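The structure under discussion appears below in the form of structure tokens.
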Amino acid sequence: MTVVDLMSEAKMNVELRSKAIEKGRYELYNCFQCMRCTSGCTSMKLLELKPHQVVTMVKLGLIDELITSGIIWTCAMCLKCTERCPQDAAPSDLITALRNLAFDMEANVPEAYLKVVSTVLEVGLIQEEQKVTSRDFEVYDRGQLNLPKISKPGEIFKNNLLILLTPEED
Amino acid sequence: MEIGVYWGCMILTSQYAYEMSLREVLPKFGISITDIDQVSCCGTPIKNVNQKAAIYLAVRNLALAEKAGINELLVPCNGCYLSFSEALHYWEKDDTLKRELGSLLAEEGLEFNGNIKLWHTVNFLHDKIGTEKIKTAVKKPLNGFKFVTHPGCHILRPSTIVNVDEPEKPRKLDNLLKALGAESIDYPEKLDCCGGGLLLSHSESALTIAGLKLKAIKSLNVDGLVVSCPSCKVMLGAKQEAVGAIVGEKFEIPVLYYTQLLGLALGIEAEKLGLHLNQSPVDKIIEKLT
Ligand code: SF4
Ligand code: SF4
């Protein structure tokens with residue numbers, strides 16, 4: 001996966017750029033393109049993610065390209081880039097901010113992420129309590145393993161979460 | 001002493017062996033566990049779509065812990081540990097956030113004061129209990145065993161927010177293994193990610209990343225791989241067969257939580273530590289030990 005052909009399509013989008021930047025806590029303009037982030041990036045080998053390129057593209061305001069190409073969802077969130085960046089540009093935080101922006105814009109968010117969100121809204125947890133199978137193919141639930149019952153959050157929690165997840169009108 | 005535990009979704013709903021083994025080993029060091037009611041997801045998966053909502057989830061859980069009288073909280077999952085550490089970090093800095101989320105918490109009669117110390121399994125055992133105490137408690141030393149460790153990303157990075165261990169040279173899990181009499185081998189891929197963060201969007205790549213790590217570990221001929229995060233455990237342990245199919249290898253590497261190994265060394269029965277639930281071939285270790 002890689003970004004689209006910038007020569008033919010890309011236009012700077014200043015408004016989206018400020019939205020992306022305002023969602024984060026990074027020193028974007030400090031980046032001097034040393035590529036230390038990319039050199040250790042978990043997703044570079046298999047998915048061609050280049051965090052230094054993401055930083056530059058945001059600086060240039062090419063936000064639509066980052067969002068529509070789906071490249072922001074190739075990050076494994078190993079956080080090596082942010083740990084190692086000598087300039088506090090925090091590429092992984094920037095990618096998170098772009099993902100948040102994509103969600104607000106309802107643009108190209110992988111289905112599985114949306115599904116987790118709706119499960120958390122419904123159950124409070126990422127999934128219902130599961131039965132597990134041992135290596136001898138015996139099936140167990142929490143009770144059979146002498147683990148205490150789970151108590152889940154209530155309606156106020158769900159409402160509050162829903163309010164926070166609803167994009168603000170501007 | 002008493003310690004609060006926030007287990008997190010993965011442990012509460014499927015990674016039962018981590019919970020079982022912690023509930024078995026902590027009392028051996030005079031520590032009793034306080035559970036917290038009505039907890040939710042820690043915020044990690046929500047952070048991808050809305051960071052503020054993720055912080056709400058985190059501080060709500062922490063507020064529930066405070067309400068239960070907990071001021072030291074053990075968070076055994078790496079992802080939850082990072083989520084809470086991040087939330088604490090931003091909570092302290094951002095008064096607007098405090099006000100906004102504070103009023104949402106108030107609707108449930110909750111209040112968060114930020115007076116909570118977070119521990120992860122690794123630094124709790126290493127720094128709070130201490131390797132010396134562990135060494136003395138060992139009944140069945142793991143002499144002759146060789147392991148590798150996988151500390152996992154989110155208790156190490158970013159070190160401005162989490163500081164369980166040295167970010168580029170983590171040693172605590174290795175020291176903890178040595179305290180049991182086992183040897184811990186260093187390997188170049190130690191800091192490599194398990195791939196878990198890609199499972200939702202690019203599952204094949206996620207499995208390949210796990211496969212590259214397992215390939216490296218296979219070539220070392222060790223007795224097993226020791227982890228301290230439920231997500232890493234699933235990627236490198238439970239999914240071993242699927243991972244092998246993707247990278248064209250057959251893996252038979254036992255993968256265990258450190259707390260399970262600690263339990264064995266303390267003389268606790270394998271079944272009580274949930275070792276029958278590990279999907280990787282841990283029998284080799286249990287047999288070698290008895
Ligand atoms: S983001 Fe940081 S590490 Fe990456 S190129 Fe820029 S300065 Fe270098
Ligand atoms: S956090 Fe994402 S962008 Fe940064 S190094 Fe890891 S995979 Fe690459």
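In the structure tokens, chains take letters A, B, ... by order of appearance, with residues numbered from 1 within each chain and ligands from 1 in the order shown.
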
Exercise answer, 8 Å around ligand 2 with only C-alpha atoms and all ligand atoms, as a tab-separated table (two decimals) with all heavy atoms, in the first residue's frame:
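Printed below is selection-v2.tsv as written:
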chain	number	residue	atom	x	y	z
A	37	CYS	N	12.75	7.61	12.17
A	37	CYS	CA	11.45	6.97	12.42
A	37	CYS	C	11.22	5.83	11.42
A	37	CYS	O	10.89	4.71	11.81
A	37	CYS	CB	10.33	8.00	12.31
A	37	CYS	SG	10.37	9.00	10.82
A	38	THR	N	11.42	6.13	10.15
A	38	THR	CA	11.15	5.15	9.10
A	38	THR	C	12.11	3.97	9.16
A	38	THR	O	11.74	2.84	8.89
A	38	THR	CB	11.18	5.84	7.73
A	38	THR	OG1	10.15	6.84	7.73
A	38	THR	CG2	10.95	4.88	6.59
A	40	GLY	N	13.21	2.32	11.56
A	40	GLY	CA	12.85	1.25	12.49
A	40	GLY	C	11.38	0.89	12.45
A	40	GLY	O	10.90	0.17	13.30
A	41	CYS	N	10.67	1.42	11.47
A	41	CYS	CA	9.21	1.29	11.46
A	41	CYS	C	8.78	-0.16	11.19
A	41	CYS	O	9.16	-0.77	10.21
A	41	CYS	CB	8.63	2.21	10.41
A	41	CYS	SG	6.86	1.98	10.13
A	42	THR	N	7.95	-0.68	12.09
A	42	THR	CA	7.45	-2.05	11.99
A	42	THR	C	6.70	-2.28	10.68
A	42	THR	O	6.81	-3.34	10.07
A	42	THR	CB	6.50	-2.33	13.18
A	42	THR	OG1	7.24	-2.20	14.38
A	42	THR	CG2	5.88	-3.72	13.10
A	43	SER	N	5.95	-1.29	10.24
A	43	SER	CA	5.10	-1.47	9.07
A	43	SER	C	5.78	-1.10	7.76
A	43	SER	O	5.17	-1.21	6.71
A	43	SER	CB	3.83	-0.64	9.23
A	43	SER	OG	3.09	-1.12	10.31
A	44	MET	N	7.01	-0.64	7.83
A	44	MET	CA	7.67	-0.24	6.59
A	44	MET	C	7.94	-1.44	5.69
A	44	MET	O	7.64	-1.42	4.51
A	44	MET	CB	8.97	0.50	6.88
A	44	MET	CG	9.48	1.19	5.66
A	44	MET	SD	11.23	1.43	5.49
A	44	MET	CE	11.99	0.27	6.52
A	49	LEU	N	4.83	1.68	4.86
A	49	LEU	CA	4.54	2.89	5.62
A	49	LEU	C	5.85	3.63	5.90
A	49	LEU	O	6.83	3.02	6.30
A	49	LEU	CB	3.85	2.52	6.95
A	49	LEU	CG	3.63	3.67	7.95
A	49	LEU	CD1	2.73	4.75	7.36
A	49	LEU	CD2	3.02	3.14	9.24
A	50	LYS	N	5.85	4.93	5.63
A	50	LYS	CA	7.04	5.72	5.90
A	50	LYS	C	6.65	6.92	6.76
A	50	LYS	O	6.17	7.93	6.26
A	50	LYS	CB	7.67	6.20	4.59
A	50	LYS	CG	8.05	5.05	3.66
A	50	LYS	CD	8.65	5.59	2.38
A	50	LYS	CE	8.80	4.48	1.35
A	50	LYS	NZ	7.50	4.08	0.75
A	51	PRO	N	6.84	6.78	8.07
A	51	PRO	CA	6.35	7.85	8.95
A	51	PRO	C	6.92	9.24	8.62
A	51	PRO	O	6.20	10.23	8.76
A	51	PRO	CB	6.76	7.39	10.35
A	51	PRO	CG	7.52	6.11	10.18
A	51	PRO	CD	7.29	5.60	8.82
A	74	THR	N	-2.14	1.48	8.19
A	74	THR	CA	-1.09	0.45	8.09
A	74	THR	C	-0.12	0.50	9.28
A	74	THR	O	0.79	-0.31	9.37
A	74	THR	CB	-0.26	0.59	6.80
A	74	THR	OG1	0.39	1.86	6.82
A	74	THR	CG2	-1.14	0.49	5.56
A	75	CYS	N	-0.31	1.48	10.17
A	75	CYS	CA	0.60	1.61	11.32
A	75	CYS	C	0.26	0.56	12.38
A	75	CYS	O	-0.89	0.35	12.73
A	75	CYS	CB	0.46	3.01	11.90
A	75	CYS	SG	1.19	3.21	13.52
A	76	ALA	N	1.30	-0.12	12.89
A	76	ALA	CA	1.09	-1.17	13.90
A	76	ALA	C	1.07	-0.60	15.32
A	76	ALA	O	0.89	-1.34	16.28
A	76	ALA	CB	2.20	-2.21	13.79
A	77	MET	N	1.28	0.72	15.45
A	77	MET	CA	1.31	1.39	16.76
A	77	MET	C	2.35	0.76	17.71
A	77	MET	O	2.08	0.56	18.90
A	77	MET	CB	-0.08	1.39	17.42
A	77	MET	CG	-1.04	2.37	16.78
A	77	MET	SD	-0.46	4.08	17.02
A	77	MET	CE	-1.29	4.92	15.65
A	78	CYS	N	3.51	0.48	17.15
A	78	CYS	CA	4.59	-0.03	17.99
A	78	CYS	C	5.28	1.11	18.73
A	78	CYS	O	6.04	0.87	19.67
A	78	CYS	CB	5.61	-0.79	17.14
A	78	CYS	SG	6.60	0.30	16.10
A	79	LEU	N	5.06	2.33	18.27
A	79	LEU	CA	5.54	3.56	18.91
A	79	LEU	C	7.05	3.74	18.88
A	79	LEU	O	7.60	4.57	19.61
A	79	LEU	CB	5.01	3.67	20.35
A	79	LEU	CG	3.51	3.43	20.51
A	79	LEU	CD1	3.08	3.60	21.95
A	79	LEU	CD2	2.69	4.36	19.61
A	80	LYS	N	7.73	2.97	18.04
A	80	LYS	CA	9.19	3.15	17.92
A	80	LYS	C	9.51	4.53	17.35
A	80	LYS	O	10.46	5.18	17.77
A	80	LYS	CB	9.77	2.07	17.01
A	80	LYS	CG	9.88	0.72	17.69
A	80	LYS	CD	10.62	-0.28	16.83
A	80	LYS	CE	10.66	-1.63	17.51
A	80	LYS	NZ	11.23	-2.67	16.67
A	81	CYS	N	8.73	4.96	16.35
A	81	CYS	CA	9.02	6.25	15.70
A	81	CYS	C	8.99	7.39	16.71
A	81	CYS	O	9.89	8.23	16.74
A	81	CYS	CB	8.04	6.51	14.57
A	81	CYS	SG	6.32	6.37	15.05
A	82	THR	N	7.97	7.40	17.55
A	82	THR	CA	7.83	8.49	18.51
A	82	THR	C	8.92	8.43	19.58
A	82	THR	O	9.46	9.45	19.99
A	82	THR	CB	6.42	8.45	19.13
A	82	THR	OG1	5.48	8.75	18.09
A	82	THR	CG2	6.25	9.43	20.26
A	91	PRO	N	5.57	10.92	15.14
A	91	PRO	CA	4.75	10.47	14.00
A	91	PRO	C	3.55	9.60	14.39
A	91	PRO	O	2.48	9.75	13.81
A	91	PRO	CB	5.74	9.68	13.14
A	91	PRO	CG	7.08	10.20	13.51
A	91	PRO	CD	6.99	10.60	14.95
A	92	SER	N	3.70	8.72	15.36
A	92	SER	CA	2.57	7.83	15.69
A	92	SER	C	1.40	8.63	16.28
A	92	SER	O	0.24	8.31	16.04
A	92	SER	CB	3.00	6.71	16.64
A	92	SER	OG	3.47	7.24	17.84
A	95	ILE	N	-0.34	10.09	13.36
A	95	ILE	CA	-1.17	9.09	12.68
A	95	ILE	C	-2.47	8.87	13.45
A	95	ILE	O	-3.55	8.78	12.86
A	95	ILE	CB	-0.37	7.77	12.50
A	95	ILE	CG1	0.75	8.00	11.47
A	95	ILE	CG2	-1.29	6.62	12.06
A	95	ILE	CD1	1.77	6.88	11.38

Do you have, as a tab-separated table, the list of residues of chain A lying at most 8 Å from ligand 1, each with its nearest atom pair and that distance in Å to one decimal, counting only C-alpha atoms and all ligand atoms and ordered by chain then number?
residue	atom	partner	partner_atom_place_in_ligand_line	distance
A:Leu28	CA	ligand 1	1 (S)	7.5
A:Asn30	CA	ligand 1	7 (S)	6.6
A:Cys31	CA	ligand 1	7 (S)	3.7
A:Phe32	CA	ligand 1	7 (S)	4.7
A:Gln33	CA	ligand 1	5 (S)	3.5
A:Cys34	CA	ligand 1	8 (Fe)	3.9
A:Met35	CA	ligand 1	5 (S)	3.7
A:Arg36	CA	ligand 1	3 (S)	4.2
A:Cys37	CA	ligand 1	3 (S)	4.1
A:Thr38	CA	ligand 1	4 (Fe)	6.4
A:Pro51	CA	ligand 1	4 (Fe)	6.3
A:His52	CA	ligand 1	5 (S)	4.4
A:Gln53	CA	ligand 1	5 (S)	7.8
A:Val55	CA	ligand 1	1 (S)	6.2
A:Cys81	CA	ligand 1	3 (S)	6.3
A:Thr82	CA	ligand 1	2 (Fe)	7.4
A:Arg84	CA	ligand 1	3 (S)	6.3
A:Cys85	CA	ligand 1	3 (S)	3.7
A:Pro86	CA	ligand 1	2 (Fe)	5.6
A:Gln87	CA	ligand 1	7 (S)	4.9
A:Asp88	CA	ligand 1	2 (Fe)	6.4
A:Ala89	CA	ligand 1	1 (S)	4.9
A:Ala90	CA	ligand 1	1 (S)	6.3
A:Pro91	CA	ligand 1	1 (S)	5.6

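All of the residues in chain B within 6 Å of chain A are Cys9, Thr13, Ser14, Asp37, Gln38, Val39, Ser40, Cys41, Asn48, Val49, Asn50, Ala53, Cys153, Arg157, Pro158, Gly197, Leu198, Leu200, His276 and Leu277 of chain B, where only C-alpha atoms were counted.
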
Those selected residues, please, written with N, CA, C and O atoms and delivered as a tab-separated table (two decimals), in the first residue's frame.
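Just written: out-v9.tsv:
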chain	number	residue	atom	x	y	z
B	9	CYS	N	-10.05	-5.74	29.20
B	9	CYS	CA	-10.97	-6.60	28.43
B	9	CYS	C	-10.39	-7.96	28.07
B	9	CYS	O	-11.05	-8.98	28.21
B	13	THR	N	-12.13	-11.31	29.49
B	13	THR	CA	-13.06	-12.03	28.62
B	13	THR	C	-12.45	-13.25	27.93
B	13	THR	O	-13.17	-14.04	27.33
B	14	SER	N	-11.12	-13.42	27.97
B	14	SER	CA	-10.56	-14.61	27.32
B	14	SER	C	-9.17	-15.05	27.79
B	14	SER	O	-8.90	-16.25	27.82
B	37	ASP	N	-15.39	-2.89	40.49
B	37	ASP	CA	-16.65	-3.18	39.80
B	37	ASP	C	-16.91	-2.21	38.66
B	37	ASP	O	-16.46	-1.07	38.70
B	38	GLN	N	-17.69	-2.66	37.69
B	38	GLN	CA	-18.23	-1.82	36.62
B	38	GLN	C	-17.17	-1.17	35.73
B	38	GLN	O	-17.43	-0.14	35.11
B	39	VAL	N	-15.99	-1.77	35.66
B	39	VAL	CA	-14.98	-1.20	34.78
B	39	VAL	C	-15.37	-1.44	33.32
B	39	VAL	O	-16.14	-2.34	33.00
B	40	SER	N	-14.79	-0.61	32.45
B	40	SER	CA	-15.04	-0.76	31.01
B	40	SER	C	-13.71	-1.03	30.32
B	40	SER	O	-12.69	-1.18	30.97
B	41	CYS	N	-13.75	-1.03	29.02
B	41	CYS	CA	-12.55	-1.04	28.17
B	41	CYS	C	-11.63	0.11	28.62
B	41	CYS	O	-12.11	1.15	29.07
B	48	ASN	N	-8.14	5.12	18.54
B	48	ASN	CA	-8.00	5.22	17.08
B	48	ASN	C	-9.08	6.08	16.44
B	48	ASN	O	-8.88	6.62	15.37
B	49	VAL	N	-10.23	6.19	17.07
B	49	VAL	CA	-11.29	6.99	16.47
B	49	VAL	C	-11.53	8.29	17.22
B	49	VAL	O	-12.01	9.27	16.64
B	50	ASN	N	-11.19	8.33	18.50
B	50	ASN	CA	-11.42	9.56	19.26
B	50	ASN	C	-10.60	9.55	20.55
B	50	ASN	O	-10.92	8.83	21.49
B	53	ALA	N	-12.43	10.54	23.90
B	53	ALA	CA	-13.28	9.47	24.41
B	53	ALA	C	-12.42	8.39	25.09
B	53	ALA	O	-12.80	7.83	26.12
B	153	CYS	N	5.61	-3.66	23.24
B	153	CYS	CA	5.85	-2.24	22.95
B	153	CYS	C	5.36	-1.29	24.03
B	153	CYS	O	6.04	-0.33	24.40
B	157	ARG	N	7.42	2.21	25.42
B	157	ARG	CA	7.40	3.41	24.59
B	157	ARG	C	6.03	4.09	24.64
B	157	ARG	O	5.02	3.38	24.73
B	158	PRO	N	5.96	5.39	24.49
B	158	PRO	CA	7.09	6.32	24.54
B	158	PRO	C	7.55	6.53	25.99
B	158	PRO	O	6.73	6.63	26.89
B	197	GLY	N	-1.18	-4.82	16.73
B	197	GLY	CA	-1.83	-3.55	16.38
B	197	GLY	C	-2.35	-3.51	14.96
B	197	GLY	O	-3.09	-2.60	14.59
B	198	LEU	N	-1.96	-4.48	14.15
B	198	LEU	CA	-2.42	-4.48	12.75
B	198	LEU	C	-3.52	-5.49	12.50
B	198	LEU	O	-4.05	-5.59	11.40
B	200	LEU	N	-6.60	-5.73	13.20
B	200	LEU	CA	-7.91	-5.27	12.76
B	200	LEU	C	-7.94	-4.81	11.31
B	200	LEU	O	-8.92	-4.96	10.62
B	276	HIS	N	-3.18	-25.26	31.26
B	276	HIS	CA	-3.89	-26.11	30.30
B	276	HIS	C	-4.58	-25.26	29.22
B	276	HIS	O	-5.03	-25.79	28.22
B	277	LEU	N	-4.64	-23.96	29.45
B	277	LEU	CA	-5.32	-23.09	28.48
B	277	LEU	C	-4.38	-22.53	27.42
B	277	LEU	O	-4.83	-22.04	26.38

Neighbouring residues of range 56-70 of chain B were defined as those with any atom within 9 Å, considering only C-alpha atoms; residues of the same chain fewer than 5 positions away were excluded. Please report them as an NGL selection string. (:A and (157 or 160-161 or 164)) or (:B and (2-6 or 34-44 or 46 or 51 or 80 or 83-88 or 91 or 101-102 or 104-105 or 110-116))

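Atom pair CA of Leu264 in chain B / CA of Glu183 in chain B: separated by 15.6 Å.
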
Just give me the gap between CA of Leu60 in chain A and CA of Ser39 in chain A in Å, one decimal is fine. 21.9 Å

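Taking CA of Val243 in chain B as the reference point, CA of Thr208 in chain B is found at 6.5 Å.
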
For Leu177 in chain B, list every protein, DNA or RNA residue within 12 Å, evaluated using only C-alpha atoms, and leave out those in the same chain fewer than 6 positions away; present the list as JSON, numbers by chain. {"B": [122, 125, 126, 131, 132, 134, 135, 138, 141, 142, 143, 144, 145, 146, 147, 148, 149, 171, 183, 184, 185, 224, 225, 226, 227, 257, 258, 259, 260, 261, 262, 263, 265]}

So that I have them on file, write out the residues from the current selection with N, CA, C and O atoms, as a tab-separated table (two decimals), in the first residue's frame.
chain	number	residue	atom	x	y	z
B	122	VAL	N	5.45	-6.32	35.28
B	122	VAL	CA	6.91	-6.41	35.23
B	122	VAL	C	7.58	-5.53	36.29
B	122	VAL	O	8.43	-5.99	37.06
B	125	LEU	N	6.60	-6.70	40.04
B	125	LEU	CA	7.38	-7.84	40.53
B	125	LEU	C	8.84	-7.48	40.73
B	125	LEU	O	9.47	-7.85	41.71
B	126	HIS	N	9.38	-6.72	39.78
B	126	HIS	CA	10.81	-6.44	39.80
B	126	HIS	C	11.19	-5.38	40.83
B	126	HIS	O	12.17	-5.53	41.55
B	131	THR	N	13.49	-8.85	43.06
B	131	THR	CA	13.99	-10.15	42.59
B	131	THR	C	14.56	-11.00	43.74
B	131	THR	O	14.49	-12.22	43.71
B	132	GLU	N	15.09	-10.35	44.76
B	132	GLU	CA	15.67	-11.10	45.89
B	132	GLU	C	14.59	-11.90	46.63
B	132	GLU	O	14.76	-13.07	46.93
B	134	ILE	N	11.78	-12.80	45.40
B	134	ILE	CA	11.30	-13.86	44.52
B	134	ILE	C	12.23	-15.06	44.58
B	134	ILE	O	11.81	-16.21	44.71
B	135	LYS	N	13.53	-14.75	44.52
B	135	LYS	CA	14.55	-15.81	44.57
B	135	LYS	C	14.38	-16.68	45.82
B	135	LYS	O	14.42	-17.91	45.75
B	138	VAL	N	11.39	-19.17	45.72
B	138	VAL	CA	11.38	-20.25	44.73
B	138	VAL	C	11.56	-21.62	45.39
B	138	VAL	O	12.46	-21.81	46.21
B	141	PRO	N	13.45	-24.48	41.44
B	141	PRO	CA	14.20	-23.59	40.54
B	141	PRO	C	14.20	-24.10	39.09
B	141	PRO	O	14.17	-25.31	38.86
B	142	LEU	N	14.19	-23.18	38.16
B	142	LEU	CA	14.15	-23.55	36.73
B	142	LEU	C	15.57	-23.69	36.18
B	142	LEU	O	15.87	-23.20	35.09
B	143	ASN	N	16.41	-24.36	36.94
B	143	ASN	CA	17.79	-24.54	36.49
B	143	ASN	C	17.85	-25.29	35.17
B	143	ASN	O	17.12	-26.25	34.97
B	144	GLY	N	18.71	-24.83	34.28
B	144	GLY	CA	18.89	-25.52	33.00
B	144	GLY	C	17.90	-25.06	31.94
B	144	GLY	O	18.00	-25.47	30.79
B	145	PHE	N	16.94	-24.23	32.31
B	145	PHE	CA	15.99	-23.72	31.31
B	145	PHE	C	16.55	-22.46	30.64
B	145	PHE	O	17.15	-21.62	31.28
B	146	LYS	N	16.30	-22.40	29.34
B	146	LYS	CA	16.71	-21.20	28.58
B	146	LYS	C	15.47	-20.57	27.96
B	146	LYS	O	14.72	-21.26	27.27
B	147	PHE	N	15.27	-19.30	28.19
B	147	PHE	CA	14.12	-18.61	27.61
B	147	PHE	C	14.55	-17.36	26.87
B	147	PHE	O	15.66	-16.87	27.03
B	148	VAL	N	13.63	-16.87	26.04
B	148	VAL	CA	13.77	-15.49	25.56
B	148	VAL	C	12.55	-14.72	26.05
B	148	VAL	O	11.51	-15.31	26.32
B	149	THR	N	12.70	-13.41	26.15
B	149	THR	CA	11.59	-12.58	26.60
B	149	THR	C	11.09	-11.69	25.47
B	149	THR	O	11.84	-11.35	24.55
B	171	ARG	N	15.54	-4.93	30.67
B	171	ARG	CA	16.21	-6.06	31.33
B	171	ARG	C	15.36	-6.70	32.43
B	171	ARG	O	15.70	-7.74	32.96
B	183	GLU	N	17.83	-19.19	32.52
B	183	GLU	CA	18.72	-18.32	31.77
B	183	GLU	C	17.86	-17.54	30.77
B	183	GLU	O	16.87	-18.06	30.25
B	184	SER	N	18.22	-16.30	30.52
B	184	SER	CA	17.48	-15.51	29.54
B	184	SER	C	18.43	-15.06	28.44
B	184	SER	O	19.45	-14.43	28.71
B	185	ILE	N	18.11	-15.44	27.21
B	185	ILE	CA	19.01	-15.17	26.08
B	185	ILE	C	18.63	-13.85	25.42
B	185	ILE	O	17.45	-13.62	25.15
B	224	GLY	N	11.42	-21.75	25.62
B	224	GLY	CA	10.15	-21.05	25.46
B	224	GLY	C	10.32	-19.55	25.39
B	224	GLY	O	11.43	-19.01	25.53
B	225	LEU	N	9.18	-18.91	25.17
B	225	LEU	CA	9.13	-17.46	25.05
B	225	LEU	C	8.26	-16.92	26.19
B	225	LEU	O	7.15	-17.43	26.42
B	226	VAL	N	8.75	-15.91	26.88
B	226	VAL	CA	8.05	-15.39	28.04
B	226	VAL	C	7.50	-14.00	27.75
B	226	VAL	O	8.24	-13.12	27.29
B	227	VAL	N	6.20	-13.82	27.99
B	227	VAL	CA	5.55	-12.55	27.69
B	227	VAL	C	4.85	-12.00	28.93
B	227	VAL	O	4.69	-12.70	29.93
B	257	TYR	N	2.98	-16.70	30.10
B	257	TYR	CA	3.10	-15.49	30.89
B	257	TYR	C	4.17	-15.71	31.93
B	257	TYR	O	4.30	-16.82	32.49
B	258	TYR	N	4.92	-14.66	32.24
B	258	TYR	CA	5.93	-14.79	33.29
B	258	TYR	C	5.29	-15.29	34.58
B	258	TYR	O	5.86	-16.12	35.30
B	259	THR	N	4.08	-14.81	34.87
B	259	THR	CA	3.44	-15.18	36.13
B	259	THR	C	3.14	-16.68	36.19
B	259	THR	O	3.07	-17.26	37.28
B	260	GLN	N	2.95	-17.32	35.04
B	260	GLN	CA	2.73	-18.77	35.03
B	260	GLN	C	4.02	-19.50	35.40
B	260	GLN	O	4.02	-20.46	36.17
B	261	LEU	N	5.11	-19.00	34.83
B	261	LEU	CA	6.41	-19.61	35.12
B	261	LEU	C	6.79	-19.40	36.58
B	261	LEU	O	7.28	-20.31	37.26
B	262	LEU	N	6.53	-18.19	37.05
B	262	LEU	CA	6.78	-17.87	38.46
B	262	LEU	C	5.98	-18.84	39.35
B	262	LEU	O	6.51	-19.40	40.32
B	263	GLY	N	4.72	-19.04	38.98
B	263	GLY	CA	3.87	-19.95	39.75
B	263	GLY	C	4.45	-21.35	39.80
B	263	GLY	O	4.50	-21.98	40.86
B	265	ALA	N	7.55	-22.20	39.49
B	265	ALA	CA	8.75	-22.17	40.33
B	265	ALA	C	8.41	-22.08	41.81
B	265	ALA	O	9.16	-22.52	42.67

Assign secondary structure with DSSP using the backbone only, and return the residues of chain A in strand (DSSP E) as an NGL selection string. :A and (132-133 or 139-140)

Could you write out that same residue set with C-alpha atoms as a PDB file, in the first residue's frame?
ATOM      1  CA  VAL A 132     -12.099 -21.010  26.133  1.00  0.00           C
ATOM      2  CA  THR A 133     -10.849 -24.404  25.022  1.00  0.00           C
ATOM      3  CA  VAL A 139     -14.360 -25.961  27.318  1.00  0.00           C
ATOM      4  CA  TYR A 140     -14.248 -23.577  30.293  1.00  0.00           C
TER       5      TYR A 140
END

Which residues come within 10 Å of Ser18 in chain A, counting only C-alpha atoms, excluding same-chain residues fewer than 6 positions away, as a PyMOL selection string? chain A and resi 58-59+61+63

Could you write those residues out with N, CA and C atoms, as a PDB file, in the first residue's frame?
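The result, written out as selection26.pdb:
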ATOM      1  N   VAL A  58       1.637  15.915   5.956  1.00  0.00           N
ATOM      2  CA  VAL A  58       0.775  16.762   6.792  1.00  0.00           C
ATOM      3  C   VAL A  58       1.253  18.207   6.711  1.00  0.00           C
ATOM      4  N   LYS A  59       2.569  18.391   6.765  1.00  0.00           N
ATOM      5  CA  LYS A  59       3.094  19.759   6.652  1.00  0.00           C
ATOM      6  C   LYS A  59       2.632  20.415   5.359  1.00  0.00           C
ATOM      7  N   GLY A  61      -0.048  19.765   3.843  1.00  0.00           N
ATOM      8  CA  GLY A  61      -1.510  19.843   3.787  1.00  0.00           C
ATOM      9  C   GLY A  61      -2.146  18.791   2.898  1.00  0.00           C
ATOM     10  N   ILE A  63      -3.753  16.127   3.327  1.00  0.00           N
ATOM     11  CA  ILE A  63      -4.477  15.296   4.285  1.00  0.00           C
ATOM     12  C   ILE A  63      -5.425  14.317   3.583  1.00  0.00           C
TER      13      ILE A  63
END

DSSP alpha helix (DSSP H) residues within range 163-216 of chain B, as a PyMOL selection string: chain B and resi 172-179+203-216

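Closest approach to Leu16 in chain A among A:Asp64, A:Glu122, A:Glu106, A:Glu48 is made by A:Asp64 (distances from only C-alpha atoms).
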